[in-house]
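K.L.:
entry.tsv is the file, holding TSV, C-alpha atoms:
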chain	number	residue	atom	x	y	z
A	1	MET	CA	109.43	66.55	-25.77
A	2	GLY	CA	112.19	64.62	-23.97
A	3	LEU	CA	114.54	64.34	-26.98
A	4	LEU	CA	114.84	68.13	-27.26
A	5	HIS	CA	117.12	70.12	-25.00
A	6	LEU	CA	115.12	73.25	-24.26
A	7	THR	CA	116.34	76.39	-22.55
A	8	ASP	CA	114.43	77.79	-19.60
A	9	THR	CA	112.96	80.46	-21.88
A	10	GLN	CA	111.84	77.89	-24.44
A	11	GLN	CA	110.19	75.77	-21.75
A	12	GLU	CA	108.35	78.82	-20.43
A	13	ILE	CA	107.11	79.75	-23.92
A	14	GLN	CA	105.99	76.17	-24.48
A	15	ARG	CA	104.08	76.13	-21.16
A	16	LEU	CA	102.49	79.51	-21.90
A	17	ALA	CA	101.28	78.36	-25.31
A	18	ARG	CA	100.06	75.01	-23.98
A	19	ASP	CA	98.14	76.58	-21.10
A	20	TYR	CA	96.55	79.14	-23.40
A	21	ALA	CA	95.59	76.53	-25.99
A	22	GLN	CA	94.03	74.18	-23.44
A	23	ARG	CA	92.18	76.96	-21.66
A	24	GLU	CA	90.96	79.12	-24.55
A	25	LEU	CA	91.25	77.24	-27.84
A	26	THR	CA	90.35	73.58	-27.33
A	27	PRO	CA	86.94	74.10	-25.68
A	28	LEU	CA	85.53	76.09	-28.64
A	29	ALA	CA	87.48	74.56	-31.53
A	30	GLY	CA	84.66	72.25	-32.58
A	31	GLU	CA	82.07	75.02	-32.42
A	32	ARG	CA	84.19	77.37	-34.53
A	33	ASP	CA	84.67	74.56	-37.06
A	34	ARG	CA	80.95	73.82	-37.34
A	35	GLU	CA	80.09	77.50	-37.75
A	36	SER	CA	83.08	78.28	-40.01
A	37	ARG	CA	83.62	81.22	-37.68
A	38	PHE	CA	86.83	83.23	-37.51
A	39	ASP	CA	87.30	84.45	-33.94
A	40	ARG	CA	88.92	87.88	-33.87
A	41	ALA	CA	89.06	87.73	-30.06
A	42	MET	CA	91.44	84.81	-30.45
A	43	ILE	CA	93.81	87.05	-32.42
A	44	THR	CA	93.64	89.71	-29.72
A	45	GLN	CA	94.45	87.14	-27.05
A	46	MET	CA	97.42	85.74	-28.96
A	47	ALA	CA	98.70	89.26	-29.61
A	48	GLU	CA	98.50	90.12	-25.91
A	49	LEU	CA	100.62	87.05	-25.18
A	50	GLY	CA	103.20	88.15	-27.74
A	51	PHE	CA	102.58	85.32	-30.20
A	52	LEU	CA	102.05	87.64	-33.20
A	53	GLY	CA	105.47	89.24	-32.78
A	54	MET	CA	107.58	86.26	-31.84
A	55	LEU	CA	110.01	86.60	-34.77
A	56	ILE	CA	109.93	90.41	-35.00
A	57	PRO	CA	112.94	92.11	-33.36
A	58	GLU	CA	112.45	94.09	-30.17
A	59	GLN	CA	113.24	97.36	-31.95
A	60	TYR	CA	109.94	96.88	-33.81
A	61	GLU	CA	108.07	95.90	-30.61
A	62	GLY	CA	108.36	92.16	-31.17
A	63	LEU	CA	109.89	89.52	-28.93
A	64	GLY	CA	112.86	88.70	-31.16
A	65	LEU	CA	112.76	85.00	-30.34
A	66	ASP	CA	114.56	82.15	-32.06
A	67	ALA	CA	112.91	79.82	-34.58
A	68	GLN	CA	112.71	76.89	-32.18
A	69	SER	CA	110.82	78.90	-29.55
A	70	TYR	CA	108.34	79.98	-32.22
A	71	LEU	CA	107.84	76.41	-33.47
A	72	LEU	CA	107.34	75.08	-29.96
A	73	ALA	CA	104.57	77.62	-29.39
A	74	LEU	CA	103.05	76.95	-32.80
A	75	GLU	CA	102.83	73.21	-32.12
A	76	GLU	CA	101.00	73.79	-28.84
A	77	ILE	CA	98.56	76.21	-30.49
A	78	ALA	CA	97.89	73.61	-33.21
A	79	VAL	CA	97.09	70.98	-30.59
A	80	GLY	CA	94.40	73.34	-29.28
A	81	ASP	CA	93.00	74.52	-32.62
A	82	ALA	CA	94.67	74.11	-36.01
A	83	THR	CA	92.89	77.18	-37.39
A	84	ALA	CA	94.54	79.40	-34.78
A	85	ALA	CA	97.88	77.86	-35.73
A	86	VAL	CA	97.51	78.56	-39.44
A	87	THR	CA	96.74	82.21	-38.73
A	88	LEU	CA	99.74	82.43	-36.43
A	89	SER	CA	101.99	80.68	-38.95
A	90	VAL	CA	101.05	82.78	-41.98
A	91	HIS	CA	101.37	86.04	-40.05
A	92	ASN	CA	104.74	85.20	-38.46
A	93	SER	CA	106.42	83.28	-41.26
A	94	LEU	CA	105.54	85.17	-44.43
A	95	PRO	CA	104.45	88.85	-44.42
A	96	THR	CA	106.35	89.95	-41.31
A	97	GLN	CA	109.52	88.13	-42.36
A	98	MET	CA	109.40	89.46	-45.92
A	99	ILE	CA	109.06	93.04	-44.70
A	100	LEU	CA	111.77	92.50	-42.09
A	101	ASN	CA	114.26	90.84	-44.43
A	102	PHE	CA	113.61	92.62	-47.72
A	103	GLY	CA	111.70	95.81	-46.95
A	104	ASN	CA	113.26	99.22	-46.36
A	105	ASP	CA	113.47	100.93	-42.99
A	106	ALA	CA	110.38	103.06	-43.60
A	107	GLN	CA	108.32	99.96	-44.40
A	108	ARG	CA	109.64	98.20	-41.29
A	109	GLN	CA	108.82	101.18	-39.10
A	110	THR	CA	105.36	101.60	-40.61
A	111	PHE	CA	104.15	98.01	-40.56
A	112	LEU	CA	106.09	95.79	-38.17
A	113	PRO	CA	105.23	97.41	-34.80
A	114	ARG	CA	101.50	97.29	-35.50
A	115	MET	CA	101.80	93.73	-36.79
A	116	ALA	CA	103.75	92.73	-33.66
A	117	ARG	CA	101.03	94.25	-31.47
A	118	GLY	CA	98.32	92.41	-33.41
A	119	GLU	CA	96.63	95.61	-34.55
A	120	TRP	CA	97.36	94.59	-38.13
A	121	LEU	CA	97.16	90.96	-39.24
A	122	GLY	CA	99.40	89.89	-42.12
A	123	ALA	CA	98.51	87.72	-45.12
A	124	PHE	CA	100.28	86.37	-48.20
A	125	ALA	CA	99.05	86.41	-51.81
A	126	LEU	CA	101.17	84.37	-54.20
A	127	SER	CA	98.92	81.70	-55.75
A	128	GLU	CA	96.42	82.36	-58.52
A	129	PRO	CA	93.59	80.26	-60.00
A	130	GLU	CA	96.00	78.99	-62.70
A	131	ALA	CA	99.31	79.39	-60.83
A	132	GLY	CA	99.70	77.16	-57.80
A	133	SER	CA	102.74	74.90	-57.70
A	134	ASP	CA	104.02	76.73	-60.80
A	135	ALA	CA	104.18	80.10	-59.07
A	136	GLY	CA	106.42	81.55	-61.78
A	137	SER	CA	103.50	81.48	-64.21
A	138	LEU	CA	101.38	83.95	-62.24
A	139	ARG	CA	99.60	86.57	-64.36
A	140	THR	CA	98.72	89.44	-62.04
A	141	GLN	CA	100.25	92.48	-63.75
A	142	ALA	CA	101.72	95.61	-62.20
A	143	VAL	CA	102.36	98.66	-64.38
A	144	ARG	CA	104.13	101.79	-63.17
A	145	ASP	CA	102.04	104.97	-63.40
A	146	GLY	CA	103.85	107.95	-61.94
A	147	ASP	CA	104.17	107.55	-58.18
A	148	HIS	CA	101.90	104.47	-58.18
A	149	TRP	CA	101.82	100.92	-59.49
A	150	VAL	CA	98.53	99.76	-61.03
A	151	LEU	CA	97.78	96.08	-60.37
A	152	ASN	CA	95.32	93.87	-62.23
A	153	GLY	CA	94.67	90.19	-61.57
A	154	THR	CA	93.20	87.60	-59.21
A	155	LYS	CA	94.96	86.07	-56.22
A	156	ALA	CA	93.67	82.77	-54.82
A	157	TRP	CA	93.83	80.81	-51.57
A	158	VAL	CA	94.62	83.84	-49.40
A	159	SER	CA	94.37	82.70	-45.78
A	160	HIS	CA	92.34	85.15	-43.62
A	161	GLY	CA	92.41	87.58	-46.54
A	162	ASN	CA	89.24	89.27	-45.29
A	163	GLU	CA	90.71	89.78	-41.82
A	164	ALA	CA	94.17	91.03	-42.82
A	165	GLN	CA	95.27	94.62	-42.89
A	166	VAL	CA	98.65	93.93	-44.55
A	167	ILE	CA	98.91	91.61	-47.56
A	168	LEU	CA	102.17	90.78	-49.31
A	169	CYS	CA	101.24	90.33	-52.97
A	170	MET	CA	103.36	89.04	-55.87
A	171	ALA	CA	102.74	90.55	-59.31
A	172	ARG	CA	104.54	90.74	-62.66
A	173	THR	CA	106.43	93.96	-63.35
A	174	ASP	CA	107.85	92.79	-66.67
A	175	THR	CA	105.92	93.36	-69.89
A	176	ALA	CA	103.71	90.97	-71.84
A	177	ASP	CA	106.14	90.97	-74.80
A	178	ALA	CA	109.22	90.42	-72.62
A	179	ARG	CA	108.22	87.78	-70.09
A	180	ARG	CA	111.16	86.84	-67.87
A	181	GLY	CA	109.46	84.09	-65.86
A	182	SER	CA	110.24	84.22	-62.15
A	183	LYS	CA	112.67	87.12	-62.72
A	184	GLY	CA	109.83	89.40	-63.78
A	185	ILE	CA	107.88	89.17	-60.50
A	186	SER	CA	107.90	91.77	-57.73
A	187	THR	CA	106.41	92.05	-54.23
A	188	PHE	CA	103.99	94.74	-53.07
A	189	ILE	CA	102.45	95.61	-49.72
A	190	LEU	CA	98.68	95.86	-50.16
A	191	THR	CA	96.13	97.21	-47.70
A	192	PRO	CA	92.34	96.74	-48.04
A	193	ASP	CA	91.71	100.50	-48.31
A	194	LEU	CA	93.43	100.76	-51.69
A	195	PRO	CA	91.15	101.65	-54.63
A	196	GLY	CA	90.54	98.62	-56.83
A	197	PHE	CA	91.11	96.09	-54.03
A	198	HIS	CA	88.17	93.64	-53.84
A	199	LEU	CA	87.56	90.58	-51.67
A	200	THR	CA	85.55	88.02	-53.60
A	201	LYS	CA	85.01	84.27	-53.33
A	202	LYS	CA	85.25	82.71	-49.87
A	203	GLU	CA	86.10	79.03	-50.20
A	204	ASN	CA	83.89	76.37	-48.58
A	205	LYS	CA	86.62	74.07	-47.31
A	206	MET	CA	86.86	70.51	-46.03
A	207	GLY	CA	89.08	71.45	-43.09
A	208	LEU	CA	90.42	74.49	-41.24
A	209	ARG	CA	86.92	75.82	-41.62
A	210	ALA	CA	87.32	78.55	-39.00
A	211	SER	CA	90.18	80.05	-40.99
A	212	PRO	CA	88.66	81.93	-43.96
A	213	THR	CA	90.30	81.50	-47.37
A	214	LEU	CA	89.53	84.14	-49.99
A	215	GLN	CA	90.12	85.23	-53.55
A	216	ILE	CA	91.27	88.81	-54.02
A	217	VAL	CA	90.55	90.65	-57.26
A	218	LEU	CA	92.76	93.62	-58.14
A	219	ASP	CA	90.94	95.85	-60.63
A	220	ASN	CA	93.21	98.77	-61.53
A	221	CYS	CA	94.33	98.68	-57.91
A	222	ARG	CA	96.53	101.72	-57.32
A	223	VAL	CA	99.42	100.95	-55.00
A	224	PRO	CA	101.81	103.71	-53.88
A	225	ALA	CA	105.29	103.23	-55.35
A	226	ASP	CA	106.82	103.10	-51.88
A	227	ARG	CA	104.93	99.83	-51.26
A	228	LEU	CA	107.30	97.93	-53.56
A	229	VAL	CA	109.32	95.56	-51.37
A	230	GLY	CA	113.03	95.34	-52.14
A	231	GLU	CA	114.18	95.31	-55.74
A	232	GLU	CA	111.90	95.13	-58.73
A	233	GLY	CA	111.90	91.65	-60.26
A	234	LYS	CA	113.08	89.81	-57.16
A	235	GLY	CA	109.69	89.22	-55.56
A	236	LEU	CA	109.44	85.51	-56.24
A	237	THR	CA	112.94	84.99	-54.90
A	238	TYR	CA	111.88	86.76	-51.70
A	239	ALA	CA	108.69	84.70	-51.50
A	240	LEU	CA	110.40	81.35	-52.01
A	241	GLY	CA	113.05	82.25	-49.44
A	242	SER	CA	110.33	83.04	-46.94
A	243	LEU	CA	108.63	79.74	-47.73
A	244	ASP	CA	111.67	77.91	-46.35
A	245	HIS	CA	110.66	79.34	-42.99
A	246	GLY	CA	106.95	78.98	-43.67
A	247	ARG	CA	107.31	75.27	-44.34
A	248	LEU	CA	108.80	74.77	-40.89
A	249	GLY	CA	105.67	76.43	-39.54
A	250	ILE	CA	103.44	74.05	-41.50
A	251	ALA	CA	105.47	71.13	-40.14
A	252	ALA	CA	104.91	72.39	-36.59
A	253	GLN	CA	101.17	72.72	-37.28
A	254	ALA	CA	101.12	69.16	-38.60
A	255	VAL	CA	102.92	67.82	-35.53
A	256	GLY	CA	100.38	69.63	-33.34
A	257	ILE	CA	97.40	68.21	-35.24
A	258	ALA	CA	98.88	64.71	-35.02
A	259	ARG	CA	99.51	65.15	-31.30
A	260	ALA	CA	95.92	66.24	-30.72
A	261	ALA	CA	94.73	63.07	-32.46
A	262	LEU	CA	97.15	60.91	-30.48
A	263	GLU	CA	96.14	62.40	-27.15
A	264	ALA	CA	92.44	62.06	-27.94
A	265	SER	CA	93.00	58.44	-28.97
A	266	ALA	CA	94.92	57.58	-25.80
A	267	ARG	CA	92.09	58.96	-23.66
A	268	TYR	CA	89.43	57.17	-25.66
A	269	MET	CA	91.27	53.84	-25.52
A	270	THR	CA	91.07	53.76	-21.74
A	271	GLU	CA	87.36	54.68	-21.70
A	272	ARG	CA	85.94	52.61	-24.53
A	273	LYS	CA	85.13	49.02	-23.59
A	274	GLN	CA	84.56	46.06	-25.91
A	275	PHE	CA	84.43	42.35	-25.07
A	276	GLY	CA	84.41	43.24	-21.40
A	277	LYS	CA	87.57	45.33	-21.20
A	278	ALA	CA	89.04	48.66	-22.30
A	279	ILE	CA	90.26	48.59	-25.89
A	280	ALA	CA	93.62	49.88	-24.62
A	281	GLU	CA	94.26	46.30	-23.48
A	282	PHE	CA	94.11	44.93	-27.03
A	283	GLN	CA	97.51	44.56	-28.66
A	284	ALA	CA	96.25	45.62	-32.10
A	285	ILE	CA	95.18	48.97	-30.65
A	286	GLN	CA	98.40	49.34	-28.66
A	287	PHE	CA	100.44	48.83	-31.83
A	288	LYS	CA	98.55	51.67	-33.53
A	289	LEU	CA	99.28	53.96	-30.60
A	290	ALA	CA	102.96	52.97	-30.60
A	291	ASP	CA	103.34	53.72	-34.30
A	292	MET	CA	101.50	57.03	-33.95
A	293	ALA	CA	103.75	58.16	-31.10
A	294	THR	CA	106.91	57.06	-32.91
A	295	ARG	CA	106.10	58.90	-36.11
A	296	ILE	CA	105.18	62.09	-34.24
A	297	THR	CA	108.45	62.02	-32.30
A	298	ALA	CA	110.42	61.47	-35.52
A	299	ALA	CA	108.61	64.36	-37.23
A	300	ARG	CA	109.24	66.71	-34.31
A	301	THR	CA	112.92	65.75	-34.17
A	302	LEU	CA	113.36	66.43	-37.90
A	303	LEU	CA	111.54	69.75	-37.54
A	304	HIS	CA	113.76	71.00	-34.75
A	305	THR	CA	116.91	69.71	-36.47
A	306	ALA	CA	115.96	71.98	-39.39
A	307	ALA	CA	115.18	74.87	-37.04
A	308	ALA	CA	118.55	74.50	-35.32
A	309	ALA	CA	120.29	74.58	-38.71
A	310	LYS	CA	118.41	77.78	-39.53
A	311	GLU	CA	119.51	79.36	-36.26
A	312	ARG	CA	123.12	78.55	-37.19
A	313	GLY	CA	122.64	80.48	-40.41
A	314	GLU	CA	122.78	77.41	-42.63
A	315	ARG	CA	120.82	76.95	-45.85
A	316	VAL	CA	117.71	74.96	-44.87
A	317	THR	CA	115.77	74.54	-48.11
A	318	ARG	CA	116.31	70.77	-48.14
A	319	PHE	CA	115.71	70.31	-44.42
A	320	SER	CA	112.59	72.49	-44.36
A	321	SER	CA	111.10	70.51	-47.25
A	322	MET	CA	111.98	67.25	-45.50
A	323	ALA	CA	110.37	68.46	-42.28
A	324	LYS	CA	107.20	69.59	-44.04
A	325	LEU	CA	106.93	66.43	-46.11
A	326	PHE	CA	107.42	64.02	-43.23
A	327	ALA	CA	105.39	65.94	-40.64
A	328	THR	CA	102.39	66.52	-42.89
A	329	GLU	CA	102.24	62.94	-44.12
A	330	THR	CA	102.62	61.85	-40.50
A	331	ALA	CA	99.67	64.04	-39.52
A	332	MET	CA	97.50	62.53	-42.23
A	333	TRP	CA	98.50	58.99	-41.26
A	334	VAL	CA	98.09	59.54	-37.52
A	335	THR	CA	94.68	61.18	-37.82
A	336	THR	CA	93.50	58.35	-40.07
A	337	GLN	CA	94.58	55.85	-37.43
A	338	ALA	CA	92.79	57.89	-34.77
A	339	VAL	CA	89.52	57.69	-36.68
A	340	GLN	CA	90.05	53.94	-37.00
A	341	ILE	CA	90.62	53.58	-33.25
A	342	TYR	CA	87.37	55.42	-32.57
A	343	GLY	CA	85.54	53.21	-35.08
A	344	GLY	CA	82.10	54.50	-36.00
A	345	TYR	CA	82.40	57.26	-33.42
A	346	GLY	CA	85.46	58.55	-35.23
A	347	TYR	CA	83.33	59.26	-38.28
A	348	VAL	CA	80.86	61.58	-36.55
A	349	THR	CA	81.28	65.12	-35.33
A	350	ASP	CA	80.58	64.27	-31.69
A	351	TYR	CA	84.29	63.49	-31.33
A	352	PRO	CA	87.25	65.62	-32.45
A	353	VAL	CA	89.28	63.13	-34.50
A	354	GLU	CA	87.27	63.59	-37.70
A	355	ARG	CA	88.07	67.31	-37.49
A	356	HIS	CA	91.75	66.57	-36.92
A	357	MET	CA	91.72	64.36	-40.02
A	358	ARG	CA	90.10	67.07	-42.14
A	359	ASP	CA	92.49	69.70	-40.81
A	360	ALA	CA	95.52	67.50	-41.47
A	361	LYS	CA	94.84	67.01	-45.17
A	362	VAL	CA	95.56	70.55	-46.28
A	363	THR	CA	99.00	70.53	-44.67
A	364	GLU	CA	100.05	68.16	-47.48
A	365	ILE	CA	98.91	70.76	-50.01
A	366	TYR	CA	99.53	74.38	-49.02
A	367	GLU	CA	102.94	76.10	-49.05
A	368	GLY	CA	104.09	73.42	-51.47
A	369	THR	CA	102.47	70.04	-52.03
A	370	SER	CA	104.13	66.81	-50.96
A	371	GLU	CA	105.03	66.24	-54.61
A	372	ILE	CA	106.79	69.62	-54.79
A	373	GLN	CA	108.64	68.88	-51.54
A	374	ARG	CA	109.97	65.65	-53.04
A	375	ILE	CA	111.18	67.53	-56.11
A	376	VAL	CA	112.94	70.10	-53.91
A	377	ILE	CA	114.51	67.42	-51.70
A	378	ALA	CA	115.76	65.42	-54.69
A	379	ARG	CA	117.17	68.51	-56.42
A	380	GLU	CA	118.92	69.76	-53.29
A	381	THR	CA	120.30	66.32	-52.47
A	382	LEU	CA	121.73	65.86	-55.96
A	383	ALA	CA	123.30	69.31	-55.84
A	384	ALA	CA	124.82	68.66	-52.41
A	385	ALA	CA	126.15	65.27	-53.52
A	386	ALA	CA	127.72	66.78	-56.61
A	387	ALA	CA	129.36	69.49	-54.53
A	388	ALA	CA	130.75	66.81	-52.22
A	389	ASP	CA	132.28	64.79	-55.10
A	390	GLY	CA	129.44	62.31	-55.24
A	391	SER	CA	129.09	61.48	-51.56
A	392	LEU	CA	125.68	61.90	-49.98
A	393	PRO	CA	125.26	65.01	-47.78
A	394	ASP	CA	124.72	64.83	-44.05
Any chance you could put this one into structure tokens?
P.N.:
Amino acid sequence: MGLLHLTDTQQEIQRLARDYAQRELTPLAGERDRESRFDRAMITQMAELGFLGMLIPEQYEGLGLDAQSYLLALEEIAVGDATAAVTLSVHNSLPTQMILNFGNDAQRQTFLPRMARGEWLGAFALSEPEAGSDAGSLRTQAVRDGDHWVLNGTKAWVSHGNEAQVILCMARTDTADARRGSKGISTFILTPDLPGFHLTKKENKMGLRASPTLQIVLDNCRVPADRLVGEEGKGLTYALGSLDHGRLGIAAQAVGIARAALEASARYMTERKQFGKAIAEFQAIQFKLADMATRITAARTLLHTAAAAKERGERVTRFSSMAKLFATETAMWVTTQAVQIYGGYGYVTDYPVERHMRDAKVTEIYEGTSEIQRIVIARETLAAAAAADGSLPD
């Protein structure tokens, strides 16, 4: 962490998260993975430490911390257990921030304090079976009926959807004969007690197995009208704006996963002996370690450059996509190298690097694939260059 200038508060948050992750998360991470077991006690522990309210202002019982403090903690949690990090990231980056930034005061007062305390876990429902990268094509329909909205449709890939008490859901509020694309989508606050709300398929995943991923079916789901977030028709704009922040969280998760693989590899290199000496003495292995460490440091530096720009109030769409793209591809590359360093042992579940590799893969996919990030980066760069009379932006 030497390249970052951290305040005393940031260093303390980093130490707190690291100590917690090493003490409580790492020892049972493999067991939770094998059993595909979500650990609710883990959520309670993180809530007691304030991690579920890091970005929620103090007036709503949160800590009101800056983005960099949050990302430092998230990285440390990911080193301990990536599934804990994804829960922390989704909760902090998407539902709480959408309610905070776009909800009304009654919604903030109703939901944010309990979410900050960890009594209510937040989730995010944007994707559908046929609307992933093309989120504007989603089909879930919301129709006004008196003092309710009636929702029908299926939401896919909802992280911890069966454990959440507050779910931010995007649905169309335009009509079938007047489709307005992304401008016809609104955001609603769902709770599992609503009539017509059904949890269905739980995905059997390659990685992040202790973090459940569900489909949600809305069958004439009646949602009170006061659960509409912000203005009708602006839901996708709200969601995509929140994803700028969410992608920084995914980048921090990826850096943490890569770091876990690097640290495991460094330990193994000094213990494993071949040809009469530790494999750490072989230059070919040292070069792998050097490249792993360099890429991780570069990813972290890009991540916190983006976070600093966000704290200054700058537009960070391009930087957040850069950070996510580079950090997630770094995580996949580093974990692959870690498995190679372990050799045959890296391919079996007795050692953690195969889990790190499986966990890393999805970071290149969710909250915008690497291909989507490249599209965003290219579009933003061209726009910035045009605005600067053809010169490339900083």
K.L.:
Enter the distance from CA of Ser242 (chain A) to CA of Glu130 (chain A), in Å, rounded to one decimal.
P.N.:
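About the pair CA of Ser242 (chain A) and CA of Glu130 (chain A): they are 21.7 Å apart.
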K.L.:
For His245 (chain A), please output as a PyMOL selection string all residues within 12 Å (counting all atoms listed in the file; exclusion window: fewer than 5 positions along the same chain).
P.N.:
chain A and resi 55+66-68+70-71+89-98+238-240+250-252+303+306-307+309-311+315-321+323-324+367
K.L.:
Could you list, as a list in words, every residue within 8 Å of region 28-33 of chain A, counting all atoms listed in the file and ignoring same-chain residues fewer than 6 positions away?
P.N.:
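Selected residues are Asp39, Gly80, Asp81, Leu208, Arg209, Ala210, Pro352 and Arg355 of chain A.
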K.L.:
Pick out the closest residue to Leu16 (chain A) from this set: A:Glu35, A:Ala123, A:Leu72, A:Glu232. Count only C-alpha atoms.
P.N.:
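Residue with the minimum atom-to-atom distance to Leu16 (chain A): A:Leu72.
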K.L.:
Calculate how many Å separate CA of Ser211 (chain A) from CA of Thr83 (chain A), rounding to one decimal.
P.N.:
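We find that CA of Ser211 (chain A) and CA of Thr83 (chain A) lie 5.3 Å from each other.
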K.L.:
Go ahead and compute the interatomic distance for CA of Thr330 (chain A) and CA of Ala290 (chain A), in Å to one decimal.
P.N.:
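Going from CA of Thr330 (chain A) over to CA of Ala290 (chain A), I get 13.3 Å.
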K.L.:
Around (119.9, 69.6, -53.4) in the file's frame, which residues reach within 12 Å when counting only C-alpha atoms? Return as a list in words?
P.N.:
Arg315, Val316, Thr317, Arg318, Phe319, Ser320, Ser321, Met322, Gln373, Arg374, Ile375, Val376, Ile377, Ala378, Arg379, Glu380, Thr381, Leu382, Ala383, Ala384, Ala385, Ala386, Ala387, Ala388, Leu392, Pro393 and Asp394 of chain A
K.L.:
Write the residues of the selection above to a file with C-alpha atoms, as a PDB file, in the frame of the given file.
P.N.:
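Dumped to out-v8.pdb:
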ATOM      1  CA  ARG A 315     120.820  76.950 -45.850  1.00  0.00           C
ATOM      2  CA  VAL A 316     117.710  74.960 -44.870  1.00  0.00           C
ATOM      3  CA  THR A 317     115.770  74.540 -48.110  1.00  0.00           C
ATOM      4  CA  ARG A 318     116.310  70.770 -48.140  1.00  0.00           C
ATOM      5  CA  PHE A 319     115.710  70.310 -44.420  1.00  0.00           C
ATOM      6  CA  SER A 320     112.590  72.490 -44.360  1.00  0.00           C
ATOM      7  CA  SER A 321     111.100  70.510 -47.250  1.00  0.00           C
ATOM      8  CA  MET A 322     111.980  67.250 -45.500  1.00  0.00           C
ATOM      9  CA  GLN A 373     108.640  68.880 -51.540  1.00  0.00           C
ATOM     10  CA  ARG A 374     109.970  65.650 -53.040  1.00  0.00           C
ATOM     11  CA  ILE A 375     111.180  67.530 -56.110  1.00  0.00           C
ATOM     12  CA  VAL A 376     112.940  70.100 -53.910  1.00  0.00           C
ATOM     13  CA  ILE A 377     114.510  67.420 -51.700  1.00  0.00           C
ATOM     14  CA  ALA A 378     115.760  65.420 -54.690  1.00  0.00           C
ATOM     15  CA  ARG A 379     117.170  68.510 -56.420  1.00  0.00           C
ATOM     16  CA  GLU A 380     118.920  69.760 -53.290  1.00  0.00           C
ATOM     17  CA  THR A 381     120.300  66.320 -52.470  1.00  0.00           C
ATOM     18  CA  LEU A 382     121.730  65.860 -55.960  1.00  0.00           C
ATOM     19  CA  ALA A 383     123.300  69.310 -55.840  1.00  0.00           C
ATOM     20  CA  ALA A 384     124.820  68.660 -52.410  1.00  0.00           C
ATOM     21  CA  ALA A 385     126.150  65.270 -53.520  1.00  0.00           C
ATOM     22  CA  ALA A 386     127.720  66.780 -56.610  1.00  0.00           C
ATOM     23  CA  ALA A 387     129.360  69.490 -54.530  1.00  0.00           C
ATOM     24  CA  ALA A 388     130.750  66.810 -52.220  1.00  0.00           C
ATOM     25  CA  LEU A 392     125.680  61.900 -49.980  1.00  0.00           C
ATOM     26  CA  PRO A 393     125.260  65.010 -47.780  1.00  0.00           C
ATOM     27  CA  ASP A 394     124.720  64.830 -44.050  1.00  0.00           C
TER      28      ASP A 394
END
K.L.:
Name the residues in contact with region 334-341 of chain A at a cut-off of 9 Å, using only C-alpha atoms, excluding same-chain residues fewer than 3 positions from it; report them as a PyMOL selection string.
P.N.:
chain A and resi 257-262+264-265+268-269+279+285+288-289+291-293+295-296+329-331+344-347+353-354+356-358+360
K.L.:
From the set A:Ala299, A:Ala278, A:Trp149, A:Ala125, which residue has the shortest atom-to-atom contact distance to Leu214 (chain A), counting all atoms listed in the file?
P.N.:
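Residue with the minimum atom-to-atom distance to Leu214 (chain A): A:Ala125.
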K.L.:
Measuring atom to atom with all atoms listed in the file, identify which of A:Pro27, A:Gly246, A:Gly118, A:Gly62 is nearest to Met46 (chain A).
P.N.:
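With all atoms listed in the file as the atom set, the closest residue is A:Gly118.
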K.L.:
Using all atoms listed in the file, which residues sit within 12 Å of Asp19 (chain A) once same-chain residues fewer than 3 positions away are excluded, as a ChimeraX atom specification?
P.N.:
/A:12-16,22-26,49,73,76-77,79-80
K.L.:
Skip Arg227 (chain A) itself and residues of its chain fewer than 3 positions away, then list as a VMD selection string all residues within 9 Å of it, counting all atoms listed in the file.
P.N.:
chain A and resid 103 107 148 to 149 187 to 190 223 to 224
K.L.:
When distances are computed from all atoms listed in the file, which of A:Ile216, A:Met42, A:Val143, A:Val166 shows the smallest separation from Ser127 (chain A)?
P.N.:
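Looking at the shortest contact to Ser127 (chain A), the residue is A:Ile216.
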K.L.:
Find the residue from A:Ile99, A:Leu65, A:Met54, A:Ala142 that sits nearest to Asn220 (chain A); use only C-alpha atoms when measuring.
P.N.:
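Smallest distance to Asn220 (chain A) is found for A:Ala142.
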K.L.:
Which one is closest to Arg108 (chain A): A:Gly153, A:Pro192, A:Gly230, A:Pro129? Count all atoms listed in the file.
P.N.:
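When distances to Arg108 (chain A) are compared using all atoms listed in the file, the smallest one comes from A:Gly230.
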K.L.:
Step by step: start from the point (103.7, 98.4, -64.8) in the file's coordinates, keep every protein, DNA or RNA residue that has an atom no farther than 12 Å from it, count all atoms listed in the file, and write the set as a ChimeraX atom specification.
P.N.:
/A:140-152,171-176,184-186,220-223,225,228,232-233
